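Trainee: Data: coords-v2.tsv, TSV, C-alpha atoms.
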chain	number	residue	atom	x	y	z
A	14	MET	CA	-18.62	17.60	13.32
A	15	THR	CA	-17.19	15.10	15.81
A	16	ALA	CA	-13.70	13.99	14.87
A	17	LEU	CA	-12.20	10.64	15.77
A	18	ARG	CA	-8.50	10.11	16.33
A	19	VAL	CA	-7.59	7.02	14.31
A	20	VAL	CA	-4.32	5.08	14.19
A	21	GLY	CA	-3.55	3.40	10.86
A	22	LEU	CA	-1.09	0.51	10.56
A	23	ILE	CA	0.35	-1.42	7.62
A	24	SER	CA	3.47	-3.22	6.55
A	25	GLY	CA	3.87	-3.38	2.81
A	26	THR	CA	5.20	-6.09	0.54
A	27	SER	CA	8.74	-4.78	0.96
A	28	MET	CA	8.53	-5.86	4.65
A	29	ASP	CA	10.90	-3.11	5.76
A	30	GLY	CA	8.83	-2.24	8.80
A	31	ILE	CA	5.51	-0.90	10.02
A	32	ASP	CA	4.03	2.30	8.60
A	33	VAL	CA	1.99	3.99	11.32
A	34	ALA	CA	-0.01	7.21	11.17
A	35	VAL	CA	-2.35	9.10	13.45
A	36	GLY	CA	-5.04	11.28	11.95
A	37	GLU	CA	-8.21	13.03	13.03
A	38	MET	CA	-11.18	12.21	10.82
A	39	GLY	CA	-14.70	13.53	10.80
A	40	LEU	CA	-17.80	13.49	8.61
A	41	ASP	CA	-19.12	16.83	7.39
A	42	GLY	CA	-22.14	15.93	5.29
A	43	SER	CA	-20.82	14.09	2.24
A	44	GLU	CA	-17.21	15.04	2.96
A	45	ILE	CA	-14.58	13.37	5.13
A	46	ILE	CA	-12.10	15.80	6.62
A	47	LEU	CA	-8.70	14.30	7.42
A	48	LYS	CA	-6.14	16.11	9.53
A	49	PRO	CA	-2.79	14.27	9.42
A	50	LEU	CA	-1.11	14.46	12.83
A	51	TRP	CA	1.91	12.14	12.84
A	52	HIS	CA	3.44	9.32	10.83
A	53	LYS	CA	6.54	7.19	10.83
A	54	GLU	CA	8.00	3.94	9.57
A	55	ILE	CA	9.12	1.76	12.47
A	56	PRO	CA	11.60	-0.89	11.31
A	57	TYR	CA	10.97	-4.53	12.09
A	58	ASP	CA	13.30	-6.28	14.48
A	59	PRO	CA	15.95	-7.78	12.14
A	60	GLY	CA	15.19	-11.30	13.33
A	61	LEU	CA	11.45	-10.91	12.67
A	62	LYS	CA	12.09	-9.41	9.25
A	63	ALA	CA	14.35	-12.32	8.35
A	64	GLU	CA	11.69	-14.82	9.44
A	65	LEU	CA	9.00	-13.04	7.42
A	66	LEU	CA	11.14	-13.02	4.30
A	67	ALA	CA	11.98	-16.68	4.81
A	68	ALA	CA	8.26	-17.52	4.97
A	69	LEU	CA	7.53	-16.04	1.55
A	70	PRO	CA	7.12	-18.14	-1.61
A	71	PRO	CA	8.78	-20.06	-3.08
A	72	ASN	CA	9.86	-21.16	0.42
A	73	SER	CA	7.60	-23.41	2.45
A	74	CYS	CA	5.94	-22.25	5.66
A	75	ASP	CA	4.31	-24.55	8.23
A	76	ALA	CA	1.47	-23.84	10.66
A	77	ALA	CA	3.81	-23.42	13.63
A	78	THR	CA	5.77	-20.74	11.79
A	79	LEU	CA	2.58	-18.93	10.77
A	80	CYS	CA	1.33	-18.98	14.37
A	81	ARG	CA	4.58	-17.52	15.70
A	82	LEU	CA	4.71	-14.86	12.98
A	83	ASP	CA	1.06	-13.88	13.43
A	84	THR	CA	1.74	-13.33	17.14
A	85	ARG	CA	5.07	-11.52	16.75
A	86	VAL	CA	3.76	-9.23	14.01
A	87	GLY	CA	0.69	-8.47	16.12
A	88	GLN	CA	2.94	-7.55	19.04
A	89	ALA	CA	5.11	-5.37	16.79
A	90	PHE	CA	2.01	-3.61	15.45
A	91	ALA	CA	0.78	-3.12	19.03
A	92	ALA	CA	4.07	-1.51	20.01
A	93	ALA	CA	3.92	0.76	16.94
A	94	ALA	CA	0.37	1.87	17.79
A	95	THR	CA	1.18	2.68	21.42
A	96	HIS	CA	4.31	4.57	20.34
A	97	ALA	CA	2.27	6.60	17.85
A	98	LEU	CA	-0.33	7.50	20.47
A	99	SER	CA	2.41	8.61	22.86
A	100	ARG	CA	3.79	11.02	20.25
A	101	THR	CA	0.59	12.98	19.65
A	102	ASN	CA	-0.70	15.48	22.18
A	103	GLY	CA	-4.35	15.85	23.10
A	104	PRO	CA	-6.86	13.11	23.80
A	105	GLY	CA	-5.95	9.48	23.37
A	106	GLY	CA	-6.99	7.55	20.30
A	107	ASP	CA	-10.49	6.35	19.49
A	108	LEU	CA	-9.82	3.58	17.00
A	109	VAL	CA	-7.03	1.52	15.43
A	110	ALA	CA	-7.17	0.14	11.89
A	111	SER	CA	-4.64	-2.43	10.71
A	112	LEU	CA	-4.02	-3.69	7.19
A	113	GLY	CA	-1.51	-6.13	8.66
A	114	GLN	CA	1.37	-7.82	6.90
A	115	THR	CA	0.43	-9.65	3.72
A	116	ILE	CA	2.14	-13.03	3.68
A	117	TYR	CA	0.27	-14.60	0.75
A	118	HIS	CA	-2.18	-13.43	-1.89
A	119	TRP	CA	-3.78	-16.40	-3.66
A	120	VAL	CA	-4.57	-15.68	-7.31
A	121	GLU	CA	-5.33	-18.30	-9.96
A	122	GLY	CA	-6.57	-17.75	-13.48
A	123	GLY	CA	-6.80	-14.01	-12.90
A	124	ARG	CA	-9.14	-14.46	-9.93
A	125	ALA	CA	-8.26	-13.85	-6.27
A	126	LEU	CA	-9.26	-16.89	-4.20
A	127	GLY	CA	-7.89	-15.84	-0.83
A	128	THR	CA	-5.57	-13.49	0.99
A	129	LEU	CA	-3.70	-13.78	4.28
A	130	GLN	CA	-2.46	-10.90	6.44
A	131	LEU	CA	-0.54	-11.49	9.66
A	132	GLY	CA	-0.68	-9.37	12.81
A	133	GLN	CA	-3.19	-10.73	15.35
A	134	PRO	CA	-5.36	-7.69	16.26
A	135	ALA	CA	-6.00	-8.91	19.83
A	136	TRP	CA	-2.46	-7.86	20.75
A	137	ILE	CA	-3.14	-4.34	19.44
A	138	ALA	CA	-6.43	-4.08	21.32
A	139	GLU	CA	-4.82	-5.36	24.52
A	140	ALA	CA	-1.91	-2.89	24.30
A	141	THR	CA	-3.93	0.21	23.37
A	142	GLY	CA	-7.28	-0.50	24.99
A	143	LEU	CA	-8.90	0.63	21.73
A	144	PRO	CA	-11.18	-1.22	19.30
A	145	VAL	CA	-9.24	-2.56	16.33
A	146	ILE	CA	-10.53	-3.08	12.80
A	147	ALA	CA	-8.40	-5.59	10.92
A	148	ASP	CA	-8.57	-8.25	8.17
A	149	LEU	CA	-9.71	-5.52	5.79
A	150	ARG	CA	-9.14	-7.36	2.50
A	151	ALA	CA	-10.94	-10.67	3.00
A	152	ARG	CA	-14.54	-9.48	2.57
A	153	ASP	CA	-13.81	-7.95	-0.83
A	154	VAL	CA	-12.19	-11.23	-1.93
A	155	ALA	CA	-15.20	-13.19	-0.67
A	156	ALA	CA	-17.40	-10.88	-2.76
A	157	GLY	CA	-15.47	-11.79	-5.91
A	158	GLY	CA	-12.89	-8.99	-5.76
A	159	HIS	CA	-9.13	-8.99	-5.49
A	160	GLY	CA	-9.03	-7.32	-2.08
A	161	ALA	CA	-6.51	-4.97	-3.68
A	162	PRO	CA	-5.67	-2.32	-4.38
A	163	LEU	CA	-7.80	-0.84	-1.61
A	164	ALA	CA	-6.12	2.53	-2.15
A	165	ALA	CA	-8.99	3.40	-4.48
A	166	ALA	CA	-11.10	4.03	-1.36
A	167	LEU	CA	-8.91	7.01	-0.55
A	168	ASP	CA	-7.87	8.09	-4.03
A	169	ARG	CA	-11.36	8.33	-5.53
A	170	LEU	CA	-12.48	10.64	-2.72
A	171	TRP	CA	-9.26	12.66	-2.44
A	172	LEU	CA	-8.68	13.30	-6.16
A	173	ALA	CA	-12.32	13.65	-7.21
A	174	GLY	CA	-13.22	16.64	-9.35
A	175	SER	CA	-10.02	16.86	-11.37
A	176	ALA	CA	-10.39	18.63	-14.71
A	177	GLU	CA	-8.41	15.86	-16.47
A	178	PRO	CA	-7.68	12.16	-15.90
A	179	VAL	CA	-5.42	11.71	-12.88
A	180	ALA	CA	-3.73	8.65	-11.42
A	181	ALA	CA	-2.61	7.99	-7.88
A	182	LEU	CA	0.50	5.80	-7.95
A	183	ASN	CA	1.82	3.81	-5.01
A	184	LEU	CA	5.38	2.53	-5.31
A	185	GLY	CA	5.69	-0.10	-2.60
A	186	GLY	CA	6.93	-3.64	-3.12
A	187	ILE	CA	4.25	-3.76	-5.80
A	188	ALA	CA	3.20	-0.75	-7.87
A	189	ASN	CA	-0.49	0.05	-8.10
A	190	ILE	CA	-2.48	2.83	-9.68
A	191	THR	CA	-5.91	4.35	-9.19
A	192	VAL	CA	-7.23	6.18	-12.26
A	193	ILE	CA	-9.92	8.80	-11.70
A	194	ALA	CA	-11.75	10.24	-14.69
A	195	PRO	CA	-12.55	13.97	-14.65
A	196	ASN	CA	-15.75	14.61	-12.69
A	197	GLY	CA	-16.75	11.01	-13.21
A	198	PRO	CA	-18.93	8.78	-11.00
A	199	ASP	CA	-17.47	5.92	-8.97
A	200	ASP	CA	-18.01	3.43	-11.78
A	201	THR	CA	-15.36	5.22	-13.84
A	202	VAL	CA	-12.67	4.57	-11.20
A	203	LEU	CA	-10.13	1.95	-12.15
A	204	ALA	CA	-7.42	0.55	-9.87
A	205	TYR	CA	-5.03	-2.35	-10.15
A	206	ASP	CA	-1.50	-3.59	-9.51
A	207	THR	CA	0.71	-2.75	-12.49
A	208	GLY	CA	3.54	-5.06	-11.41
A	209	PRO	CA	6.65	-4.89	-9.23
A	210	ALA	CA	8.09	-1.63	-7.91
A	211	ASN	CA	10.57	-2.37	-5.12
A	212	ALA	CA	9.94	-6.14	-4.87
A	213	LEU	CA	12.41	-7.21	-7.56
A	214	LEU	CA	14.86	-4.40	-6.77
A	215	ASP	CA	15.03	-5.52	-3.14
A	216	ALA	CA	15.37	-9.17	-4.20
A	217	ALA	CA	18.16	-8.21	-6.59
A	218	SER	CA	19.99	-6.31	-3.85
A	219	ARG	CA	20.00	-9.41	-1.65
A	220	LEU	CA	20.99	-11.57	-4.61
A	221	ILE	CA	24.15	-9.54	-5.21
A	222	GLY	CA	25.01	-9.43	-1.51
A	223	GLY	CA	23.60	-5.97	-0.84
A	224	PRO	CA	21.52	-4.70	2.09
A	225	GLY	CA	18.15	-5.53	0.50
A	226	ILE	CA	17.56	-2.03	-0.85
A	227	ASP	CA	19.16	0.21	-3.47
A	228	GLN	CA	19.17	3.31	-1.29
A	229	GLY	CA	17.99	6.29	-3.32
A	230	GLY	CA	18.48	4.31	-6.52
A	231	ALA	CA	22.24	5.01	-6.32
A	232	LEU	CA	23.32	1.73	-7.95
A	233	ALA	CA	20.64	1.88	-10.65
A	234	ALA	CA	21.72	5.42	-11.50
A	235	VAL	CA	25.21	4.29	-12.58
A	236	GLY	CA	24.04	1.23	-14.52
A	237	SER	CA	22.74	0.77	-18.05
A	238	VAL	CA	19.53	-0.95	-19.11
A	239	ARG	CA	20.13	-4.45	-20.45
A	240	GLN	CA	17.63	-4.73	-23.27
A	241	ASP	CA	17.79	-8.53	-23.42
A	242	LEU	CA	16.86	-8.79	-19.74
A	243	LEU	CA	14.18	-6.13	-20.03
A	244	ASP	CA	12.58	-7.91	-23.00
A	245	VAL	CA	12.32	-11.16	-21.04
A	246	LEU	CA	10.86	-9.39	-18.01
A	247	LEU	CA	8.30	-7.48	-20.07
A	248	ALA	CA	7.14	-10.73	-21.68
A	249	ASP	CA	5.56	-11.81	-18.38
A	250	PRO	CA	1.85	-12.37	-19.14
A	251	TYR	CA	0.82	-10.37	-16.06
A	252	TYR	CA	1.42	-7.03	-17.78
A	253	ALA	CA	-0.90	-7.84	-20.69
A	254	ALA	CA	-3.71	-9.17	-18.48
A	255	PRO	CA	-6.71	-6.83	-18.23
A	256	PRO	CA	-7.75	-5.27	-14.92
A	257	PRO	CA	-9.00	-5.86	-12.32
A	258	LYS	CA	-5.87	-7.74	-11.33
A	259	SER	CA	-3.50	-8.02	-8.38
A	260	THR	CA	-0.15	-9.59	-7.65
A	261	GLY	CA	2.56	-9.78	-5.01
A	262	LYS	CA	5.73	-11.50	-3.89
A	263	GLU	CA	4.12	-14.87	-4.45
A	264	HIS	CA	4.87	-14.10	-8.12
A	265	PHE	CA	7.64	-11.49	-8.22
A	266	HIS	CA	10.27	-12.91	-5.86
A	267	ARG	CA	13.96	-13.81	-5.76
A	268	GLY	CA	13.40	-17.20	-7.39
A	269	TYR	CA	11.56	-15.53	-10.25
A	270	LEU	CA	14.54	-13.26	-10.80
A	271	THR	CA	17.17	-16.01	-10.65
A	272	ASP	CA	15.18	-18.09	-13.16
A	273	VAL	CA	15.14	-15.15	-15.60
A	274	LEU	CA	18.85	-14.43	-15.16
A	275	ALA	CA	19.84	-18.09	-15.59
A	276	ASP	CA	19.07	-18.00	-19.32
A	277	LEU	CA	20.97	-14.77	-20.09
A	278	PRO	CA	24.62	-13.74	-20.32
A	279	GLU	CA	25.96	-12.40	-17.03
A	280	VAL	CA	24.36	-9.12	-15.94
A	281	GLY	CA	26.40	-6.65	-13.88
A	282	ASP	CA	25.07	-5.47	-10.54
A	283	ALA	CA	24.42	-1.86	-11.57
A	284	ASP	CA	22.92	-2.92	-14.91
A	285	LEU	CA	20.59	-5.30	-13.10
A	286	MET	CA	19.32	-2.51	-10.86
A	287	ALA	CA	18.98	-0.07	-13.77
A	288	THR	CA	16.99	-2.63	-15.76
A	289	LEU	CA	14.62	-3.39	-12.90
A	290	ALA	CA	14.02	0.33	-12.31
A	291	GLU	CA	13.29	0.65	-16.02
A	292	LEU	CA	10.86	-2.29	-15.83
A	293	THR	CA	8.83	-0.49	-13.18
A	294	ALA	CA	8.97	2.79	-15.10
A	295	ARG	CA	7.82	1.22	-18.37
A	296	THR	CA	4.96	-0.75	-16.85
A	297	VAL	CA	3.74	2.08	-14.62
A	298	ALA	CA	3.92	4.77	-17.29
A	299	GLY	CA	2.44	2.48	-19.93
A	300	ALA	CA	-0.53	1.70	-17.69
A	301	CYS	CA	-1.11	5.37	-16.86
A	302	LEU	CA	-0.88	6.57	-20.46
A	303	SER	CA	-3.21	3.80	-21.67
A	304	HIS	CA	-5.94	5.49	-19.63
A	305	GLY	CA	-5.19	8.99	-20.90
A	306	VAL	CA	-3.77	10.16	-17.58
A	307	ARG	CA	-2.36	13.70	-17.58
A	308	ARG	CA	-1.16	13.86	-13.96
A	309	VAL	CA	0.36	11.15	-11.74
A	310	VAL	CA	0.46	11.62	-7.95
A	311	ALA	CA	3.07	9.27	-6.51
A	312	SER	CA	3.60	7.96	-2.98
A	313	GLY	CA	5.29	5.05	-1.24
A	314	GLY	CA	8.90	4.13	-0.59
A	315	GLY	CA	9.73	4.10	-4.29
A	316	VAL	CA	9.46	7.90	-4.53
A	317	HIS	CA	12.87	8.00	-2.82
A	318	ASN	CA	14.44	5.99	-5.64
A	319	SER	CA	15.58	8.85	-7.85
A	320	ALA	CA	16.53	6.55	-10.74
A	321	MET	CA	13.07	5.00	-10.81
A	322	MET	CA	11.27	8.33	-10.52
A	323	ALA	CA	13.38	9.88	-13.28
A	324	ALA	CA	12.63	6.93	-15.57
A	325	ILE	CA	8.90	7.15	-14.83
A	326	ALA	CA	8.92	10.88	-15.60
A	327	THR	CA	10.71	10.22	-18.89
A	328	HIS	CA	8.22	7.59	-20.01
A	329	LEU	CA	5.24	9.72	-18.98
A	330	GLY	CA	6.30	12.35	-21.50
A	331	ASP	CA	4.05	15.39	-21.23
A	332	ALA	CA	2.06	13.95	-18.33
A	333	GLU	CA	2.97	15.54	-14.98
A	334	LEU	CA	4.57	13.52	-12.16
A	335	ILE	CA	4.30	14.89	-8.62
A	336	THR	CA	4.30	13.38	-5.13
A	337	SER	CA	1.33	13.31	-2.77
A	338	ASP	CA	3.28	15.61	-0.42
A	339	GLU	CA	2.57	18.46	-2.82
A	340	LEU	CA	-1.16	17.93	-2.24
A	341	GLY	CA	-0.91	17.75	1.55
A	342	LEU	CA	-0.74	13.99	2.09
A	343	PRO	CA	2.70	12.69	3.17
A	344	SER	CA	3.99	10.23	0.57
A	345	SER	CA	5.73	8.12	3.22
A	346	GLY	CA	2.58	7.94	5.35
A	347	LYS	CA	-0.13	7.61	2.74
A	348	GLU	CA	-0.69	3.86	3.10
A	349	ALA	CA	-0.98	4.17	6.88
A	350	TYR	CA	-3.50	6.99	6.44
A	351	LEU	CA	-5.33	4.70	3.98
A	352	ALA	CA	-5.57	2.05	6.70
A	353	ALA	CA	-6.93	4.67	9.09
A	354	LEU	CA	-9.52	5.76	6.51
A	355	LEU	CA	-10.68	2.19	5.87
A	356	GLY	CA	-11.16	1.68	9.60
A	357	PHE	CA	-13.00	4.98	9.95
A	358	LEU	CA	-15.38	4.09	7.11
A	359	THR	CA	-16.16	0.69	8.62
A	360	TRP	CA	-16.72	2.29	12.04
A	361	GLN	CA	-19.22	4.68	10.45
A	362	GLY	CA	-21.02	1.85	8.63
A	363	ILE	CA	-19.85	3.00	5.20
A	364	PRO	CA	-18.68	0.46	2.56
A	365	ALA	CA	-15.00	1.01	1.89
A	366	ASN	CA	-14.25	-1.09	-1.17
A	367	CYS	CA	-14.50	0.23	-4.72
A	368	PRO	CA	-16.07	-2.58	-6.79
A	369	PRO	CA	-15.05	-1.24	-10.24
A	370	ALA	CA	-11.45	-1.24	-9.00
A	371	THR	CA	-11.27	-4.57	-7.16
A	372	GLY	CA	-13.85	-6.50	-9.19
A	373	ALA	CA	-16.12	-7.22	-6.21
A	374	GLU	CA	-19.81	-7.86	-6.83
A	375	GLY	CA	-20.79	-4.74	-4.93
A	376	PRO	CA	-20.01	-2.36	-2.06
A	377	ARG	CA	-19.06	-4.10	1.17
A	378	LEU	CA	-18.27	-3.13	4.74
A	379	LEU	CA	-14.70	-4.28	5.30
A	380	GLY	CA	-12.89	-5.83	8.23
A	381	SER	CA	-13.55	-7.51	11.54
A	382	VAL	CA	-13.76	-5.63	14.84
A	383	THR	CA	-11.83	-6.63	17.97
A	384	PRO	CA	-13.24	-4.72	20.98
A	385	GLY	CA	-10.98	-2.65	23.20
A	386	THR	CA	-11.10	-2.36	26.98
A	387	ALA	CA	-14.51	-0.66	27.08
A	388	PRO	CA	-17.75	-2.31	25.89
A	389	LEU	CA	-18.07	-2.03	22.13
A	390	ALA	CA	-20.31	0.91	21.23
A	391	MET	CA	-20.26	1.65	17.52
A	392	PRO	CA	-22.06	4.75	16.24
A	393	ARG	CA	-25.32	4.65	14.31
A	394	PRO	CA	-24.40	3.91	10.66
A	395	SER	CA	-24.12	6.97	8.47
A	396	THR	CA	-26.93	7.49	5.98
A	397	SER	CA	-25.06	10.04	3.85
A	398	ALA	CA	-23.14	9.06	0.74
A	399	VAL	CA	-19.50	10.11	1.04
A	400	THR	CA	-18.20	11.78	-2.12
A	401	ARG	CA	-15.10	13.73	-1.11
A	402	LEU	CA	-12.08	13.60	1.19
A	403	ARG	CA	-10.38	16.87	2.10
A	404	ILE	CA	-7.02	17.24	3.79
A	405	ALA	CA	-7.61	19.75	6.60
A	406	ASP	CA	-4.21	21.35	6.23
A	407	LEU	CA	-0.65	20.55	5.29
A	408	VAL	CA	1.21	18.42	7.79
A	409	PRO	CA	2.87	20.92	10.16
A	410	ALA	CA	6.55	20.80	11.01
A	411	THR	CA	5.62	19.79	14.56
A	412	VAL	CA	2.46	18.63	16.24
A	413	GLY	CA	2.39	19.28	19.96
A	414	GLY	CA	6.18	19.19	20.03
A	415	ALA	CA	6.35	15.84	18.25
A	416	SER	CA	7.83	15.62	14.80
A	417	ALA	CA	5.21	15.07	12.11
A	418	HIS	CA	7.77	13.21	10.03
A	419	PRO	CA	9.95	10.18	10.68
In structure tokens, what does this structure look like?

Mentor:
Amino acid sequence: MTALRVVGLISGTSMDGIDVAVGEMGLDGSEIILKPLWHKEIPYDPGLKAELLAALPPNSCDAATLCRLDTRVGQAFAAAATHALSRTNGPGGDLVASLGQTIYHWVEGGRALGTLQLGQPAWIAEATGLPVIADLRARDVAAGGHGAPLAAALDRLWLAGSAEPVAALNLGGIANITVIAPNGPDDTVLAYDTGPANALLDAASRLIGGPGIDQGGALAAVGSVRQDLLDVLLADPYYAAPPPKSTGKEHFHRGYLTDVLADLPEVGDADLMATLAELTARTVAGACLSHGVRRVVASGGGVHNSAMMAAIATHLGDAELITSDELGLPSSGKEAYLAALLGFLTWQGIPANCPPATGAEGPRLLGSVTPGTAPLAMPRPSTSAVTRLRIADLVPATVGGASAHP
């Protein structure tokens, strides 16, 4: 088995920074073997983060702003990739895969009509000298899918063979789940965005003059759930819509929150945070239990919000809640490893979308390739169906003297 060293890059809807991971991946028959090497979140420059947040709906954003942001995000991703490669010993990288920074996800009438991710891949290719696979969502959207959540590509391979229904849960700006039936074929996999996770919590923090994050869920932990606010939030039609479905900050943003609060008696800061954490817990747990899930494997920044995690565990009842770390995949690096996997699959000529999850008309190769310094020489497409992903070993404390954790 020949392994490739792949760099994965993504910035989630929370826009805190760039998640970057380096992993070795190889094909062994029908199995992909992933060895996590290094991962980290690299914060955005404060000025760039402020400009990205200002470009989000309901604010307007002109072409000049988009051009500047596409370039600056691409340069930031390029710096993150070169930093990651410098922190891992052994041979240099073979491939970079970038999910970019989603700036707008266009959904009307329950159908995704377009999606836009910033982070011009030419800057990454120029800085690293490696081929870059980017724009990984658009092909699925063009094929009638939502282009999200793409996590099903990893989850269905990684969690296959469970004796009972299991869900992979990502708690980013938006919460999404992948539900895998026990020993079921791909057409039994279901994945969709359940609603906001950190998006409204972060918006609320800024609204009350906070830092844009409720660190560890500390403020939510001392508040009480305001039932009147929770009832209004839960009445949003998105939660009752059937999957496949996707959403983002074009729907769940600061303006959305201020509109809801305007019609209610004053809500205290801690109670606001507690209620929003409860909103995520109710919608996530309700979605999981509706599919008979008995185990939930969580990842993403939201796993560090103890108030949210405790509320999810409560609403899951007898169903088990664990983090992906317990199964060998770092919860803080999972999305970056997902990006790396999507790039690896495309490089091998293997469709990476999961049509039952996204709603696409069929399997599709994802992404566009930007060549590196050397002439582009992609391998002969694989003819084997990939059915499993195995983590080679737990992430070690150090890899070649470099910390395997942020």

Trainee: Which distance in Å separates atom CA of Leu22 of chain A and atom CA of Gly315 of chain A, to one decimal?

Mentor: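 Atom CA of Gly315 of chain A lies 18.7 Å from atom CA of Leu22 of chain A.
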
Trainee: Go through A:Leu242, A:Ala234, A:Leu342, A:Ala352 one by one, measure the shortest atom-to-atom distance of each to Val20 of chain A using all atoms listed in the file, and give the residue with the smallest value.

Mentor: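 Under the stated criterion, the closest residue is A:Ala352.
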
Trainee: Between A:His96, A:Arg377, A:Arg81, A:Arg403, which has the minimum distance to Leu131 of chain A (counting all atoms listed in the file)?

Mentor: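 For Leu131 of chain A, the nearest of the given residues is A:Arg81.
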
Trainee: Return the single residue from A:Ala76, A:Met28, A:Ala166, A:Leu351 that is closest to Pro369 of chain A, with distances computed using all atoms listed in the file.

Mentor: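 Nearest candidate to Pro369 of chain A out of A:Ala76, A:Met28, A:Ala166, A:Leu351: A:Ala166.
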
Trainee: For segment 58-61 of chain A, please output as JSON, numbers by chain all residues within 9 Å (counting all atoms listed in the file; exclusion window: fewer than 4 positions along the same chain).

Mentor: {"A": [30, 65, 66, 82, 85, 86, 89]}

Trainee: Convert the current residue selection to file output with C-alpha atoms, as an mmCIF file, in the coordinates of the input.

Mentor:
data_model
loop_
_atom_site.group_PDB
_atom_site.id
_atom_site.type_symbol
_atom_site.label_atom_id
_atom_site.label_comp_id
_atom_site.auth_asym_id
_atom_site.auth_seq_id
_atom_site.Cartn_x
_atom_site.Cartn_y
_atom_site.Cartn_z
ATOM 1 C CA GLY A 30 8.830 -2.240 8.800
ATOM 2 C CA LEU A 65 9.000 -13.040 7.420
ATOM 3 C CA LEU A 66 11.140 -13.020 4.300
ATOM 4 C CA LEU A 82 4.710 -14.860 12.980
ATOM 5 C CA ARG A 85 5.070 -11.520 16.750
ATOM 6 C CA VAL A 86 3.760 -9.230 14.010
ATOM 7 C CA ALA A 89 5.110 -5.370 16.790
#

Trainee: A:Thr371, A:Thr191, A:Gln361, A:Thr386: which is nearest Ala300 of chain A, counting all atoms listed in the file?

Mentor: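 Using all atoms listed in the file, the shortest distance to Ala300 of chain A belongs to A:Thr191.
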
Trainee: Please provide as number ranges by chain all residues within 9 Å of Leu129 of chain A, with the sequence filter that same-chain residues fewer than 2 positions apart are discarded (counting only C-alpha atoms).

Mentor: A: 114-119, 127, 131, 148, 150-151

Trainee: Would you work out the distance separating atom CA of Glu54 of chain A from atom CA of Ile31 of chain A, expressed in Å to one decimal?

Mentor: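 Those two atoms sit 5.5 Å apart.
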
Trainee: Would you mind telling me which residue in A:Ser319, A:Gly123, A:Gly160, A:Ser175 lies nearest to Ala253 of chain A when using all atoms listed in the file?

Mentor: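 Smallest distance to Ala253 of chain A is found for A:Gly123.
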
Trainee: Closest to Gly39 of chain A among A:Arg393, A:Lys53, A:Lys262, A:Arg18, using only C-alpha atoms?

Mentor: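 The shortest atom-to-atom distance to Gly39 of chain A comes from A:Arg18.
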
Trainee: What separation in Å, quoted to one decimal, exists between atom CA of Gly122 of chain A and atom CA of Leu247 of chain A?

Mentor: 19.2 Å

Trainee: Can you tell me, as a PyMOL selection string, which residues sit within 9 Å of (-9.7, 8.5, 12.7) in the file's frame, using only C-alpha atoms?

Mentor: chain A and resi 16-21+35-39+47-48+106-110+350+353-354+356-357
